[in-house]
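**Q** The file below is run_16.cif, mmCIF, C-alpha atoms:
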data_input
loop_
_atom_site.group_PDB
_atom_site.id
_atom_site.type_symbol
_atom_site.label_atom_id
_atom_site.label_comp_id
_atom_site.auth_asym_id
_atom_site.auth_seq_id
_atom_site.Cartn_x
_atom_site.Cartn_y
_atom_site.Cartn_z
ATOM 1 C CA MET P 1 -33.162 7.223 -22.800
ATOM 2 C CA SER P 2 -33.574 8.773 -19.317
ATOM 3 C CA ASP P 3 -30.946 8.324 -16.602
ATOM 4 C CA ASP P 4 -33.177 9.480 -13.723
ATOM 5 C CA VAL P 5 -32.279 6.229 -11.929
ATOM 6 C CA PHE P 6 -28.988 7.938 -11.009
ATOM 7 C CA ALA P 7 -30.523 11.114 -9.566
ATOM 8 C CA GLY P 8 -30.104 11.521 -5.810
ATOM 9 C CA GLN P 9 -28.914 7.941 -5.350
ATOM 10 C CA TYR P 10 -25.705 6.252 -4.333
ATOM 11 C CA PRO P 11 -24.395 3.212 -6.178
ATOM 12 C CA ARG P 12 -23.695 -0.151 -4.594
ATOM 13 C CA GLY P 13 -20.120 -1.398 -4.545
ATOM 14 C CA TRP P 14 -16.610 -1.159 -3.159
ATOM 15 C CA PHE P 15 -15.308 2.335 -2.456
ATOM 16 C CA ALA P 16 -11.748 3.342 -1.578
ATOM 17 C CA VAL P 17 -11.571 5.564 1.507
ATOM 18 C CA LEU P 18 -7.910 5.565 2.593
ATOM 19 C CA PHE P 19 -4.516 4.451 1.404
ATOM 20 C CA SER P 20 -3.024 1.982 3.866
ATOM 21 C CA ASP P 21 -0.197 4.274 4.903
ATOM 22 C CA GLU P 22 -2.724 6.970 5.876
ATOM 23 C CA ILE P 23 -3.918 5.007 8.902
ATOM 24 C CA LYS P 24 -1.210 3.618 11.152
ATOM 25 C CA GLN P 25 -1.709 1.161 13.991
ATOM 26 C CA GLY P 26 -3.570 2.911 16.788
ATOM 27 C CA GLU P 27 -4.834 5.757 14.575
ATOM 28 C CA VAL P 28 -8.431 6.935 14.232
ATOM 29 C CA LYS P 29 -9.780 8.635 11.101
ATOM 30 C CA SER P 30 -13.124 10.362 10.554
ATOM 31 C CA LEU P 31 -14.794 9.709 7.195
ATOM 32 C CA SER P 32 -17.721 11.580 5.584
ATOM 33 C CA TYR P 33 -19.265 9.658 2.697
ATOM 34 C CA PHE P 34 -22.700 8.805 1.308
ATOM 35 C CA GLY P 35 -24.199 11.677 3.314
ATOM 36 C CA ARG P 36 -23.148 9.904 6.522
ATOM 37 C CA GLU P 37 -20.359 9.920 9.111
ATOM 38 C CA PHE P 38 -18.059 6.962 9.734
ATOM 39 C CA VAL P 39 -14.991 6.293 11.825
ATOM 40 C CA ALA P 40 -12.042 4.098 10.855
ATOM 41 C CA PHE P 41 -9.369 2.781 13.218
ATOM 42 C CA ARG P 42 -6.504 0.336 12.948
ATOM 43 C CA GLY P 43 -6.218 -1.946 15.969
ATOM 44 C CA GLU P 44 -3.111 -3.537 17.417
ATOM 45 C CA ASN P 45 -3.965 -6.622 15.325
ATOM 46 C CA GLY P 46 -3.227 -4.508 12.235
ATOM 47 C CA GLU P 47 -6.806 -4.657 10.944
ATOM 48 C CA VAL P 48 -8.825 -1.611 9.921
ATOM 49 C CA ALA P 49 -12.436 -1.410 11.087
ATOM 50 C CA ILE P 50 -15.040 1.078 9.862
ATOM 51 C CA LEU P 51 -18.027 1.806 12.104
ATOM 52 C CA ASP P 52 -20.849 4.321 12.175
ATOM 53 C CA ALA P 53 -19.377 7.423 13.779
ATOM 54 C CA PHE P 54 -21.831 8.309 16.532
ATOM 55 C CA CYS P 55 -21.786 6.556 19.904
ATOM 56 C CA PRO P 56 -25.107 4.796 20.605
ATOM 57 C CA HIS P 57 -24.921 6.019 24.205
ATOM 58 C CA LEU P 58 -25.278 9.824 23.915
ATOM 59 C CA GLY P 59 -24.171 10.476 20.357
ATOM 60 C CA ALA P 60 -20.563 11.652 20.645
ATOM 61 C CA HIS P 61 -18.487 11.429 17.480
ATOM 62 C CA LEU P 62 -16.063 8.539 17.867
ATOM 63 C CA GLY P 63 -13.643 10.255 15.507
ATOM 64 C CA ASP P 64 -12.720 12.350 18.551
ATOM 65 C CA GLY P 65 -12.007 9.191 20.528
ATOM 66 C CA ARG P 66 -8.939 6.990 20.741
ATOM 67 C CA CYS P 67 -7.889 3.522 19.682
ATOM 68 C CA GLN P 68 -7.074 1.202 22.561
ATOM 69 C CA GLY P 69 -5.923 -2.283 21.653
ATOM 70 C CA ASN P 70 -8.505 -3.493 19.157
ATOM 71 C CA THR P 71 -11.222 -1.116 20.353
ATOM 72 C CA ILE P 72 -12.254 2.474 19.837
ATOM 73 C CA VAL P 73 -13.019 4.419 22.994
ATOM 74 C CA CYS P 74 -15.672 7.149 23.053
ATOM 75 C CA PRO P 75 -14.328 10.585 24.050
ATOM 76 C CA PHE P 76 -17.447 11.397 26.102
ATOM 77 C CA HIS P 77 -17.918 8.525 28.614
ATOM 78 C CA ALA P 78 -15.168 6.076 27.554
ATOM 79 C CA TRP P 79 -17.454 3.342 26.281
ATOM 80 C CA ALA P 80 -15.232 0.992 24.275
ATOM 81 C CA PHE P 81 -16.370 -0.728 21.069
ATOM 82 C CA SER P 82 -14.800 -3.691 19.304
ATOM 83 C CA GLN P 83 -13.946 -3.869 15.622
ATOM 84 C CA THR P 84 -17.292 -5.602 15.091
ATOM 85 C CA GLY P 85 -19.341 -2.941 16.897
ATOM 86 C CA GLN P 86 -19.973 -4.576 20.261
ATOM 87 C CA CYS P 87 -19.536 -2.534 23.416
ATOM 88 C CA VAL P 88 -16.898 -4.374 25.448
ATOM 89 C CA ASP P 89 -16.375 -1.923 28.300
ATOM 90 C CA VAL P 90 -18.258 0.774 30.215
ATOM 91 C CA PRO P 91 -15.728 1.730 32.889
ATOM 92 C CA TYR P 92 -18.217 3.196 35.373
ATOM 93 C CA ALA P 93 -20.972 0.544 34.994
ATOM 94 C CA SER P 94 -21.378 -2.747 36.861
ATOM 95 C CA ARG P 95 -22.683 -4.380 33.683
ATOM 96 C CA ILE P 96 -22.823 -3.522 29.985
ATOM 97 C CA PRO P 97 -26.364 -3.058 28.615
ATOM 98 C CA ILE P 98 -27.434 -6.107 26.595
ATOM 99 C CA LYS P 99 -28.132 -4.140 23.409
ATOM 100 C CA ALA P 100 -24.701 -2.521 23.586
ATOM 101 C CA ARG P 101 -23.007 -5.861 24.254
ATOM 102 C CA GLU P 102 -24.725 -7.474 21.272
ATOM 103 C CA GLY P 103 -23.667 -4.729 18.884
ATOM 104 C CA ALA P 104 -25.390 -1.361 18.981
ATOM 105 C CA LEU P 105 -22.898 0.219 16.603
ATOM 106 C CA ALA P 106 -23.159 -0.616 12.894
ATOM 107 C CA THR P 107 -19.993 -1.929 11.249
ATOM 108 C CA HIS P 108 -19.079 -1.921 7.575
ATOM 109 C CA ILE P 109 -17.311 -4.553 5.526
ATOM 110 C CA VAL P 110 -13.684 -3.669 4.807
ATOM 111 C CA ARG P 111 -11.192 -5.040 2.306
ATOM 112 C CA GLU P 112 -7.631 -3.763 2.574
ATOM 113 C CA VAL P 113 -6.086 -4.805 -0.715
ATOM 114 C CA ASN P 114 -3.537 -3.199 -3.043
ATOM 115 C CA GLU P 115 -2.400 -1.028 -0.096
ATOM 116 C CA ILE P 116 -5.794 0.699 -0.107
ATOM 117 C CA VAL P 117 -8.640 0.482 2.421
ATOM 118 C CA HIS P 118 -11.990 -0.137 0.715
ATOM 119 C CA MET P 119 -15.432 -0.295 2.278
ATOM 120 C CA TRP P 120 -18.545 -1.943 0.896
ATOM 121 C CA PHE P 121 -21.577 0.302 0.646
ATOM 122 C CA ASP P 122 -25.061 -0.758 -0.377
ATOM 123 C CA PRO P 123 -27.979 1.651 0.257
ATOM 124 C CA ALA P 124 -30.215 -1.413 0.732
ATOM 125 C CA GLY P 125 -27.791 -3.004 3.194
ATOM 126 C CA GLY P 126 -26.918 -6.037 1.069
ATOM 127 C CA PRO P 127 -23.618 -7.947 1.310
ATOM 128 C CA PRO P 128 -20.847 -7.872 -1.305
ATOM 129 C CA ASN P 129 -21.502 -9.908 -4.435
ATOM 130 C CA TRP P 130 -18.034 -9.521 -5.925
ATOM 131 C CA GLU P 131 -14.500 -9.017 -4.660
ATOM 132 C CA LEU P 132 -11.726 -6.675 -5.718
ATOM 133 C CA PRO P 133 -8.735 -8.340 -7.381
ATOM 134 C CA VAL P 134 -5.353 -8.291 -5.666
ATOM 135 C CA ASP P 135 -2.587 -7.053 -7.952
ATOM 136 C CA ALA P 136 0.798 -8.051 -6.500
ATOM 137 C CA SER P 137 2.560 -4.991 -7.919
ATOM 138 C CA MET P 138 -0.053 -2.751 -6.293
ATOM 139 C CA ASN P 139 -0.072 -4.789 -3.096
ATOM 140 C CA GLY P 140 3.456 -4.156 -1.870
ATOM 141 C CA ALA P 141 5.475 -6.515 -4.061
ATOM 142 C CA PRO P 142 9.198 -5.673 -4.175
ATOM 143 C CA GLY P 143 10.366 -3.663 -7.161
ATOM 144 C CA TRP P 144 7.663 -0.990 -7.086
ATOM 145 C CA THR P 145 7.515 2.448 -5.478
ATOM 146 C CA ARG P 146 4.891 3.391 -2.944
ATOM 147 C CA TRP P 147 1.659 5.068 -4.013
ATOM 148 C CA TYR P 148 1.885 8.755 -4.929
ATOM 149 C CA PHE P 149 -1.615 10.196 -4.947
ATOM 150 C CA LYS P 150 -3.659 13.362 -4.993
ATOM 151 C CA ARG P 151 -7.236 13.997 -3.897
ATOM 152 C CA TRP P 152 -9.844 16.437 -5.126
ATOM 153 C CA ARG P 153 -13.309 17.181 -3.758
ATOM 154 C CA VAL P 154 -15.369 17.852 -6.860
ATOM 155 C CA ARG P 155 -18.891 19.129 -7.402
ATOM 156 C CA THR P 156 -19.921 16.237 -9.608
ATOM 157 C CA GLN P 157 -21.190 12.672 -9.474
ATOM 158 C CA GLY P 158 -19.527 9.367 -10.245
ATOM 159 C CA LYS P 159 -21.508 8.998 -13.468
ATOM 160 C CA GLU P 160 -19.496 11.882 -14.943
ATOM 161 C CA ILE P 161 -16.151 10.358 -13.999
ATOM 162 C CA ILE P 162 -16.730 6.871 -15.396
ATOM 163 C CA GLU P 163 -17.652 8.301 -18.797
ATOM 164 C CA ASN P 164 -13.953 8.998 -19.410
ATOM 165 C CA LEU P 165 -13.603 5.255 -19.981
ATOM 166 C CA VAL P 166 -15.312 5.543 -23.370
ATOM 167 C CA ASP P 167 -14.800 9.234 -24.204
ATOM 168 C CA THR P 168 -12.086 8.796 -26.824
ATOM 169 C CA PRO P 169 -12.109 12.347 -28.319
ATOM 170 C CA HIS P 170 -11.431 14.124 -25.026
ATOM 171 C CA PHE P 171 -7.946 12.580 -24.825
ATOM 172 C CA THR P 172 -7.019 14.676 -27.849
ATOM 173 C CA TYR P 173 -8.800 17.924 -27.020
ATOM 174 C CA VAL P 174 -8.323 18.012 -23.237
ATOM 175 C CA HIS P 175 -5.025 16.180 -22.726
ATOM 176 C CA GLY P 176 -3.302 16.573 -26.095
ATOM 177 C CA ALA P 177 -2.782 12.796 -26.208
ATOM 178 C CA PRO P 178 -4.797 11.289 -29.091
ATOM 179 C CA ILE P 179 -5.908 7.688 -28.853
ATOM 180 C CA GLU P 180 -4.762 5.657 -31.830
ATOM 181 C CA ASP P 181 -6.569 2.442 -30.960
ATOM 182 C CA ILE P 182 -9.165 1.506 -28.335
ATOM 183 C CA THR P 183 -11.403 -1.427 -27.394
ATOM 184 C CA VAL P 184 -13.992 -1.398 -24.609
ATOM 185 C CA HIS P 185 -15.511 -4.499 -23.030
ATOM 186 C CA PHE P 186 -18.305 -5.012 -20.486
ATOM 187 C CA ASP P 187 -18.653 -8.188 -18.435
ATOM 188 C CA GLY P 188 -20.869 -8.249 -15.347
ATOM 189 C CA HIS P 189 -19.525 -5.791 -12.768
ATOM 190 C CA ILE P 190 -16.372 -5.184 -14.865
ATOM 191 C CA ALA P 191 -15.871 -2.553 -17.568
ATOM 192 C CA SER P 192 -12.476 -2.450 -19.264
ATOM 193 C CA GLN P 193 -10.650 -0.418 -21.871
ATOM 194 C CA ARG P 194 -7.452 -1.214 -23.762
ATOM 195 C CA SER P 195 -5.897 1.609 -25.697
ATOM 196 C CA THR P 196 -2.828 2.930 -27.434
ATOM 197 C CA ILE P 197 -2.290 6.636 -26.861
ATOM 198 C CA GLY P 198 -0.231 8.761 -29.229
ATOM 199 C CA GLY P 199 1.963 10.161 -26.486
ATOM 200 C CA HIS P 200 2.400 12.562 -23.591
ATOM 201 C CA PRO P 201 5.347 14.917 -22.932
ATOM 202 C CA THR P 202 6.274 13.170 -19.648
ATOM 203 C CA LEU P 203 4.413 9.879 -19.512
ATOM 204 C CA GLY P 204 5.804 8.597 -22.805
ATOM 205 C CA HIS P 205 5.954 8.995 -26.593
ATOM 206 C CA LYS P 206 3.509 6.127 -26.998
ATOM 207 C CA LEU P 207 1.412 4.735 -24.160
ATOM 208 C CA THR P 208 -0.353 1.414 -23.958
ATOM 209 C CA THR P 209 -2.952 1.206 -21.219
ATOM 210 C CA GLU P 210 -5.393 -1.262 -19.745
ATOM 211 C CA ALA P 211 -7.972 0.484 -17.575
ATOM 212 C CA THR P 212 -10.534 -1.610 -15.726
ATOM 213 C CA TYR P 213 -13.422 -0.624 -13.481
ATOM 214 C CA TYR P 214 -14.318 -3.179 -10.825
ATOM 215 C CA GLY P 215 -17.775 -1.925 -9.981
ATOM 216 C CA PRO P 216 -18.812 1.720 -10.138
ATOM 217 C CA ALA P 217 -15.916 3.465 -8.423
ATOM 218 C CA VAL P 218 -12.588 1.580 -8.376
ATOM 219 C CA GLN P 219 -10.490 1.636 -11.531
ATOM 220 C CA HIS P 220 -7.112 -0.084 -11.922
ATOM 221 C CA VAL P 221 -4.797 1.047 -14.714
ATOM 222 C CA THR P 222 -1.700 -0.622 -16.100
ATOM 223 C CA MET P 223 0.350 1.718 -18.297
ATOM 224 C CA GLU P 224 3.474 1.130 -20.332
ATOM 225 C CA GLY P 225 5.163 4.373 -21.303
ATOM 226 C CA THR P 226 8.440 5.961 -20.304
ATOM 227 C CA TYR P 227 8.149 3.748 -17.214
ATOM 228 C CA ALA P 228 5.898 0.836 -16.361
ATOM 229 C CA SER P 229 3.271 2.081 -13.936
ATOM 230 C CA LYS P 230 0.219 1.006 -11.980
ATOM 231 C CA GLN P 231 -2.458 3.571 -11.372
ATOM 232 C CA VAL P 232 -5.768 3.832 -9.547
ATOM 233 C CA ASN P 233 -8.665 6.159 -10.263
ATOM 234 C CA ILE P 234 -10.973 5.979 -7.255
ATOM 235 C CA HIS P 235 -13.982 8.107 -6.433
ATOM 236 C CA THR P 236 -16.316 7.993 -3.443
ATOM 237 C CA PRO P 237 -19.528 10.039 -3.051
ATOM 238 C CA VAL P 238 -19.467 12.560 -0.220
ATOM 239 C CA ASP P 239 -23.121 13.375 -0.801
ATOM 240 C CA THR P 240 -25.364 13.404 -3.861
ATOM 241 C CA GLU P 241 -23.631 16.517 -5.241
ATOM 242 C CA HIS P 242 -19.946 16.001 -4.382
ATOM 243 C CA VAL P 243 -17.368 13.273 -4.876
ATOM 244 C CA ASP P 244 -13.916 12.695 -3.438
ATOM 245 C CA VAL P 245 -11.751 11.771 -6.416
ATOM 246 C CA CYS P 246 -8.263 10.365 -6.001
ATOM 247 C CA TYR P 247 -5.651 9.442 -8.584
ATOM 248 C CA GLY P 248 -2.722 7.340 -7.419
ATOM 249 C CA ILE P 249 0.325 6.082 -9.290
ATOM 250 C CA LYS P 250 3.346 3.908 -8.588
ATOM 251 C CA ILE P 251 6.125 2.936 -10.977
ATOM 252 C CA LYS P 252 8.359 -0.068 -11.391
ATOM 253 C CA ARG P 253 11.842 0.397 -9.995
ATOM 254 C CA ASP P 254 14.761 0.430 -12.419
ATOM 255 C CA PRO P 255 18.141 -0.510 -10.869
ATOM 256 C CA ALA P 256 19.844 1.628 -13.522
ATOM 257 C CA LEU P 257 18.168 4.770 -12.216
ATOM 258 C CA PRO P 258 19.791 6.614 -9.293
ATOM 259 C CA ASP P 259 16.506 7.636 -7.615
ATOM 260 C CA THR P 260 13.351 5.907 -8.807
ATOM 261 C CA ASP P 261 11.236 7.565 -6.115
ATOM 262 C CA ALA P 262 12.148 11.064 -7.289
ATOM 263 C CA ILE P 263 11.227 10.041 -10.821
ATOM 264 C CA ALA P 264 7.967 8.541 -9.531
ATOM 265 C CA GLN P 265 7.086 11.830 -7.850
ATOM 266 C CA GLU P 266 7.659 13.740 -11.084
ATOM 267 C CA TYR P 267 5.764 11.110 -13.050
ATOM 268 C CA ALA P 268 2.877 11.366 -10.587
ATOM 269 C CA HIS P 269 2.953 15.162 -10.812
ATOM 270 C CA SER P 270 2.484 14.947 -14.581
ATOM 271 C CA ALA P 271 -0.334 12.400 -14.225
ATOM 272 C CA HIS P 272 -2.073 14.582 -11.645
ATOM 273 C CA GLU P 273 -1.744 17.659 -13.865
ATOM 274 C CA ALA P 274 -3.483 15.710 -16.631
ATOM 275 C CA PHE P 275 -6.223 14.669 -14.206
ATOM 276 C CA ASP P 276 -6.571 18.298 -13.082
ATOM 277 C CA GLN P 277 -7.668 19.092 -16.632
ATOM 278 C CA ASP P 278 -10.646 16.769 -16.191
ATOM 279 C CA VAL P 279 -11.462 18.143 -12.736
ATOM 280 C CA VAL P 280 -11.775 21.700 -14.098
ATOM 281 C CA ILE P 281 -14.398 20.479 -16.570
ATOM 282 C CA TRP P 282 -16.300 18.268 -14.097
ATOM 283 C CA GLN P 283 -16.611 21.181 -11.649
ATOM 284 C CA ARG P 284 -18.649 23.294 -14.079
ATOM 285 C CA LYS P 285 -20.341 20.943 -16.535
ATOM 286 C CA ILE P 286 -23.893 19.616 -16.327
ATOM 287 C CA TYR P 287 -25.063 16.080 -16.939
ATOM 288 C CA ARG P 288 -26.938 15.440 -20.194
ATOM 289 C CA PRO P 289 -29.298 12.441 -19.807
ATOM 290 C CA SER P 290 -29.932 12.549 -23.566
ATOM 291 C CA PRO P 291 -26.756 13.959 -25.125
ATOM 292 C CA LEU P 292 -26.459 14.861 -28.785
ATOM 293 C CA LEU P 293 -23.742 12.485 -30.045
ATOM 294 C CA CYS P 294 -21.868 12.036 -33.307
ATOM 295 C CA ASP P 295 -20.323 8.988 -34.981
ATOM 296 C CA GLY P 296 -16.898 9.729 -33.466
ATOM 297 C CA ASP P 297 -18.104 9.451 -29.881
ATOM 298 C CA GLY P 298 -17.522 6.262 -27.927
ATOM 299 C CA PRO P 299 -20.118 3.729 -26.630
ATOM 300 C CA LEU P 300 -21.540 6.125 -24.057
ATOM 301 C CA PHE P 301 -25.017 4.613 -23.824
ATOM 302 C CA GLN P 302 -23.581 1.120 -23.453
ATOM 303 C CA LEU P 303 -21.483 2.379 -20.528
ATOM 304 C CA ARG P 304 -24.530 3.968 -18.905
ATOM 305 C CA ASP P 305 -26.446 0.718 -19.315
ATOM 306 C CA TRP P 306 -23.603 -1.066 -17.510
ATOM 307 C CA TYR P 307 -23.518 1.574 -14.747
ATOM 308 C CA ARG P 308 -27.253 1.261 -14.020
ATOM 309 C CA GLN P 309 -26.823 -2.181 -12.452
ATOM 310 C CA PHE P 310 -25.259 -0.611 -9.342
ATOM 311 C CA PHE P 311 -28.328 1.478 -8.496
ATOM 312 C CA GLU P 312 -31.567 0.588 -6.779
ATOM 313 C CA GLY P 313 -34.163 0.197 -9.497
ATOM 314 C CA GLY P 314 -31.499 0.017 -12.177
ATOM 315 C CA ARG P 315 -30.650 -2.902 -14.364
ATOM 316 C CA GLN P 316 -27.967 -3.893 -16.777
ATOM 317 C CA CYS P 317 -29.357 -3.545 -20.265
ATOM 318 C CA ALA P 318 -28.526 -5.857 -23.124
#
Just give me the structure as structure tokens.

**A**
Amino acid sequence: MSDDVFAGQYPRGWFAVLFSDEIKQGEVKSLSYFGREFVAFRGENGEVAILDAFCPHLGAHLGDGRCQGNTIVCPFHAWAFSQTGQCVDVPYASRIPIKAREGALATHIVREVNEIVHMWFDPAGGPPNWELPVDASMNGAPGWTRWYFKRWRVRTQGKEIIENLVDTPHFTYVHGAPIEDITVHFDGHIASQRSTIGGHPTLGHKLTTEATYYGPAVQHVTMEGTYASKQVNIHTPVDTEHVDVCYGIKIKRDPALPDTDAIAQEYAHSAHEAFDQDVVIWQRKIYRPSPLLCDGDGPLFQLRDWYRQFFEGGRQCA
């Protein structure tokens, strides 16, 4: 079964681009994803906007500009654009050109949930057809640490990363943490895995996890081990050959512990070391459209069928 539908394409869905604490009020951030340039800024209203990066006037990169109120101001001629892409000020002009006033700068749909900034991307320009769930413990509820995360830029594609969801044997041979029990379920844009893992030196003697993909690139994980934790595995295409991968973790506070945050940092360090083991493999492996499988491998083709629905020309197979 060929997977050429994936080649050279970007999937449709929600993609995480920043953790909330990475963009403070009044800050501007440049983003490079999907072979394009974007700019994000947080206005004085607290909302994050993501726009195309290049000024429609003479093409300056707005990432070099500044946030003023709820606008971003171009560094070249000080044209100011609202959070919805309209030009609201040209300081040296008697009137703003009609096209600029109506919205010459493309904006992108943003959802800031679970203390993470997500943007919707659809190569065909369509609107969102599902929403990301809000998990209170991820979303700033008392009793949980902040996010501790690490990013990697990897020469790979998202299709390689999602296959970990069903790749049961690699937990033993890559991470030294054999899975004792696993179930995988597919339902529309959601793919989920529940598993019991034999143990990890730091994360726990026996781990129970629920890992769920909401679309092609945002995975939420609930893990019970040495400590209760929430985790995110998020990956966003930089171009058709590279992906920004990020693994974040927060743990539930324990009043009996003197410093939960220090423990969370060590816990995160161990989780990131485990993820590093995958990154090393992704960097050098190739993608096999028709892999030679054995009876101990997981439901790989079923996962690929599910993943196809997020691509132009793809479909979810029965």

**Q** Using the chain letters and numbering of this document, enumerate as a list in words the residues selected by the PyMOL selection byres ((chain P and resi 312) around 9).

**A**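 This file, filtered by the PyMOL selection byres ((chain P and resi 312) around 9), leaves Val5, Phe6, Gln9, Tyr10, Pro11, Arg12, Pro123, Ala124, Arg308, Gln309, Phe310, Phe311, Gly313, Gly314 and Arg315 of chain P.
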
**Q** Just want the 9 Å neighbourhood of Gln83 (chain P), counted on all atoms listed in the file, with same-chain residues fewer than 3 positions away dropped. Output as a list in words.

**A** Phe41, Arg42, Gly43, Glu47, Val48, Ala49, Ile50, Leu51, Asn70, Thr71, Ile72, Gln86 and Thr107 of chain P

**Q** For CA of Ala93 (chain P) and CA of Trp79 (chain P), determine how far apart the two atoms are, in Å to one decimal place.

**A**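 Going from CA of Ala93 (chain P) over to CA of Trp79 (chain P), I get 9.8 Å.
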
**Q** My list of candidates is P:Leu58, P:Val221, P:Ala211, P:Ala141. Which is closest to Val166 (chain P) when distances are computed with all atoms listed in the file?

**A**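 Nearest to Val166 (chain P): P:Ala211.
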
**Q** Measuring atom to atom with only C-alpha atoms, identify which of P:Lys206, P:His170, P:Lys99, P:Arg155 is nearest to Cys87 (chain P).

**A**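 Ranked by minimum distance to Cys87 (chain P), first place goes to P:Lys99.
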
**Q** Go ahead and compute the interatomic distance for CA of Ala106 (chain P) and CA of Phe15 (chain P), in Å to one decimal.

**A**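 Straight-line distance from CA of Ala106 (chain P) to CA of Phe15 (chain P) works out to 17.5 Å.
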
**Q** So which residues fall inside 10 Å of (0.5, 1.1, 9.0) if we count only C-alpha atoms? Mind giving them as a JSON list (two decimals) with C-alpha atoms, in the coordinates of the input?

**A**
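What landed in part35.json:
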[["chain", "number", "residue", "atom", "x", "y", "z"],
["P", 19, "PHE", "CA", -4.52, 4.45, 1.40],
["P", 20, "SER", "CA", -3.02, 1.98, 3.87],
["P", 21, "ASP", "CA", -0.20, 4.27, 4.90],
["P", 22, "GLU", "CA", -2.72, 6.97, 5.88],
["P", 23, "ILE", "CA", -3.92, 5.01, 8.90],
["P", 24, "LYS", "CA", -1.21, 3.62, 11.15],
["P", 25, "GLN", "CA", -1.71, 1.16, 13.99],
["P", 26, "GLY", "CA", -3.57, 2.91, 16.79],
["P", 27, "GLU", "CA", -4.83, 5.76, 14.58],
["P", 42, "ARG", "CA", -6.50, 0.34, 12.95],
["P", 46, "GLY", "CA", -3.23, -4.51, 12.24],
["P", 47, "GLU", "CA", -6.81, -4.66, 10.94],
["P", 48, "VAL", "CA", -8.82, -1.61, 9.92],
["P", 115, "GLU", "CA", -2.40, -1.03, -0.10]]

**Q** Might you pull out every residue within 12 Å of Glu266 (chain P), with only C-alpha atoms counted and same-chain residues fewer than 5 positions away left off, and present them as a ChimeraX atom specification?

**A** /P:148-149,202-203,227,249-251,259-261,271-273

**Q** Those residues you just picked out, can you put them in a file as a short mmCIF file (atom, residue, chain, number, x, y, z; two decimals), keeping the file's coordinate frame with C-alpha atoms?

**A**
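Everything below was put into again.cif:
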data_model
loop_
_atom_site.label_atom_id
_atom_site.label_comp_id
_atom_site.auth_asym_id
_atom_site.auth_seq_id
_atom_site.Cartn_x
_atom_site.Cartn_y
_atom_site.Cartn_z
CA TYR P 148 1.88 8.76 -4.93
CA PHE P 149 -1.62 10.20 -4.95
CA THR P 202 6.27 13.17 -19.65
CA LEU P 203 4.41 9.88 -19.51
CA TYR P 227 8.15 3.75 -17.21
CA ILE P 249 0.32 6.08 -9.29
CA LYS P 250 3.35 3.91 -8.59
CA ILE P 251 6.12 2.94 -10.98
CA ASP P 259 16.51 7.64 -7.62
CA THR P 260 13.35 5.91 -8.81
CA ASP P 261 11.24 7.56 -6.12
CA ALA P 271 -0.33 12.40 -14.22
CA HIS P 272 -2.07 14.58 -11.64
CA GLU P 273 -1.74 17.66 -13.86
#

**Q** P:His77, P:Arg153, P:Lys29, P:His118: which is nearest Val280 (chain P), counting all atoms listed in the file?

**A** P:Arg153

**Q** Here is a test: counting all atoms listed in the file, which residue of P:Gly69, P:Pro291, P:Gly188, P:Gly125 is nearest to Val88 (chain P)?

**A**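 For Val88 (chain P), the nearest of the given residues is P:Gly69.
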
**Q** Measuring atom to atom with only C-alpha atoms, identify which of P:Ala16, P:Ala191, P:Ala217, P:Leu303 is nearest to Val113 (chain P).

**A**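 Of P:Ala16, P:Ala191, P:Ala217, P:Leu303, the one nearest Val113 (chain P) is P:Ala16, counting only C-alpha atoms.
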
**Q** Suppose you want the space between CA of Cys67 (chain P) and CA of Ile98 (chain P); what is it in Å?

**A**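 Calculated distance between CA of Cys67 (chain P) and CA of Ile98 (chain P) is 22.9 Å.
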
**Q** Please supply region 218-224 of chain P, rebuilt with N, CA, C and O atoms, as a CSV table (one decimal), in the coordinates of the input.

**A**
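Below is the file that was written, out06.csv:
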chain,number,residue,atom,x,y,z
P,218,VAL,N,-14.0,2.0,-8.6
P,218,VAL,CA,-12.6,1.6,-8.4
P,218,VAL,C,-12.0,1.1,-9.7
P,218,VAL,O,-12.4,0.1,-10.3
P,219,GLN,N,-11.1,1.9,-10.2
P,219,GLN,CA,-10.5,1.6,-11.5
P,219,GLN,C,-9.0,1.4,-11.3
P,219,GLN,O,-8.3,2.2,-10.7
P,220,HIS,N,-8.5,0.2,-11.9
P,220,HIS,CA,-7.1,-0.1,-11.9
P,220,HIS,C,-6.6,0.2,-13.3
P,220,HIS,O,-7.2,-0.2,-14.3
P,221,VAL,N,-5.4,0.7,-13.4
P,221,VAL,CA,-4.8,1.0,-14.7
P,221,VAL,C,-3.4,0.5,-14.8
P,221,VAL,O,-2.6,0.7,-13.8
P,222,THR,N,-3.1,-0.2,-15.8
P,222,THR,CA,-1.7,-0.6,-16.1
P,222,THR,C,-1.3,0.2,-17.3
P,222,THR,O,-1.9,0.1,-18.4
P,223,MET,N,-0.1,0.9,-17.2
P,223,MET,CA,0.4,1.7,-18.3
P,223,MET,C,1.8,1.4,-18.6
P,223,MET,O,2.6,1.3,-17.7
P,224,GLU,N,2.1,1.3,-19.9
P,224,GLU,CA,3.5,1.1,-20.3
P,224,GLU,C,3.8,2.4,-21.1
P,224,GLU,O,3.2,2.7,-22.1
